[in-house]
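A short worksheet on the structure shown next.
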Amino acid sequence: MLKFCINFLTLLVSTTVWSQTVVETDSLPSELRYGLRLGIDISKPIRMLVEPTYKGLELVGDYRLTRSLYIAGELGNETKNVNQDGVHFETAGTYLKLGIDYNVYDNWRGMDNLIIVGFRYGISQHKQTLLGYNRLIDNKYWKETNLVSLNTPITYEGLNGQWIELHLGFKAELLRNFYMGVSMQMHRLLSAESPGNFENLFIPGFNKVLIENPYGAGINYTISYQLPIYKK
């Protein structure tokens, strides 16, 4: 994953440099396109192909406010089946992340690429279903299995999580109004409602939750299209 990310970032930087070399320098004033950009995180469908215990979809969008400032957000749904660390459970739910993106890249005339520093506030609504667990057996003489599978799974509804994120990423305009991007996210969990006698080990939108560690990380790869509304 890390190697693919590095290669992809290299591709984006190369695309940006190549685009700069082909921009024509004429006497016309440059125009900025203002509009709604909508897209999808393509890493989640790819993850579904290679990870049968996962299902997910994330839609992304932003709207330009000024030359460099954007309102941005993500809306998604995830289902994750986990059988490890002594417990077998499934988490399913939706999440919403809202915030801002700031473009620190100074484009040449005719270009619309972005190097982004962003911030998000995220919230999830989800449920957890306990499917089984491992019991502690001190006497191994009879070779009893310590796996307990529940004939009637226990579902905990109405759970939620809240967190903040720092985003660092790129968006490159490959074709007119068509963008491809990558974003790395650093999470900080603020609060999480846990079911009784059972920890929140996975939160949709936040990813894996570590006990006594509120921090996490993520990455997404997006393709998006800008719906231009007006120029300035």
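Going through the structure tokens in order, the chains are called A, B, and so on, while each chain numbers its residues from 1 and the ligands are numbered from 1 in the order shown.
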Hey, what's within 10 Å of Gly169 (chain A) if we count only C-alpha atoms and toss same-chain stuff fewer than 4 positions away? As an mmCIF file with C-alpha atoms, in the first residue's frame, please?
```cif
data_model
loop_
_atom_site.group_PDB
_atom_site.id
_atom_site.type_symbol
_atom_site.label_atom_id
_atom_site.label_comp_id
_atom_site.auth_asym_id
_atom_site.auth_seq_id
_atom_site.Cartn_x
_atom_site.Cartn_y
_atom_site.Cartn_z
ATOM 1 C CA LEU A 9 2.199 10.759 -5.536
ATOM 2 C CA ASP A 101 -9.560 22.402 2.369
ATOM 3 C CA ASN A 103 -4.856 24.917 -1.531
ATOM 4 C CA LEU A 114 -4.250 21.465 -5.726
ATOM 5 C CA ILE A 115 -1.923 20.646 -2.870
ATOM 6 C CA ILE A 116 -4.315 20.461 0.054
ATOM 7 C CA VAL A 117 -4.126 21.003 3.775
ATOM 8 C CA GLY A 118 -7.542 20.259 5.263
ATOM 9 C CA GLY A 181 -6.377 12.774 -6.112
ATOM 10 C CA VAL A 182 -4.900 11.121 -3.058
ATOM 11 C CA SER A 183 -5.322 12.175 0.555
ATOM 12 C CA MET A 184 -3.693 10.997 3.774
ATOM 13 C CA GLN A 185 -5.707 11.449 6.969
ATOM 14 C CA ILE A 219 -5.831 7.132 3.002
ATOM 15 C CA ASN A 220 -8.131 7.541 0.018
ATOM 16 C CA TYR A 221 -7.783 7.743 -3.760
#
```
Next on the checklist: So that I can check the secondary structure, give me every residue of region 64-182 of chain A assigned strand (DSSP E or B) by backbone DSSP, as a PyMOL selection string.
Outcome noted: chain A and resi 64+69-84+87-103+114-134+147-175+178-182
Item to check | Using only C-alpha atoms: which of A:Gly86, A:Pro153, A:Pro195, A:Pro204 has the shortest distance to His126 (chain A) | outcome: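 The shortest atom-to-atom distance to His126 (chain A) comes from A:Pro204.
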Item to check | Residues within 12 Å of region 57-59 of chain A, only C-alpha atoms, excluding chain neighbours under 5 positions, as an MDAnalysis selection string | outcome: chainID A and resid 37:48 72:79 92:97 204:205 220:225
Item to check | Distance query Gly196 (chain A) at most 12 Å, only C-alpha atoms, self and fewer than 3 positions along chain excluded, as an MDAnalysis selection string | outcome: chainID A and resid 128 130 154:157 159 193 199:200
Item to check | Arg64 (chain A) environment, 6 Å, only C-alpha atoms, sequence neighbours closer than 2 positions dropped, as an MDAnalysis selection string | outcome: chainID A and resid 34 66 70
Checklist entry - Interatomic distance between CA of Pro228 (chain A) and CA of Asn177 (chain A)? => result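 Interatomic distance here is 7.9 Å.
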Checklist entry - Looking at only C-alpha atoms, which of A:Asn213, A:Asn197, A:Thr129, A:Thr91 is the one that sits closest to Gly56 (chain A)? => result A:Thr91
What's around Phe119 (chain A) at 9 Å? Count only C-alpha atoms, leave out sequence neighbours fewer than 2 positions away in its own chain, and write the answer as a JSON list (two decimals) with C-alpha atoms, in the first residue's frame.
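Resulting contents of result.json:
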```json
[["chain", "number", "residue", "atom", "x", "y", "z"],
["A", 72, "ALA", "CA", -15.29, 19.92, 1.68],
["A", 98, "LEU", "CA", -17.35, 18.06, 7.02],
["A", 99, "GLY", "CA", -14.64, 20.70, 7.00],
["A", 100, "ILE", "CA", -12.42, 22.85, 4.84],
["A", 101, "ASP", "CA", -9.56, 22.40, 2.37],
["A", 102, "TYR", "CA", -6.91, 25.02, 1.69],
["A", 117, "VAL", "CA", -4.13, 21.00, 3.78],
["A", 121, "TYR", "CA", -15.05, 16.87, 11.88],
["A", 164, "ILE", "CA", -11.37, 15.18, 14.02],
["A", 165, "GLU", "CA", -9.03, 14.72, 11.05],
["A", 166, "LEU", "CA", -6.07, 16.45, 9.45],
["A", 167, "HIS", "CA", -5.91, 15.98, 5.67]]
```
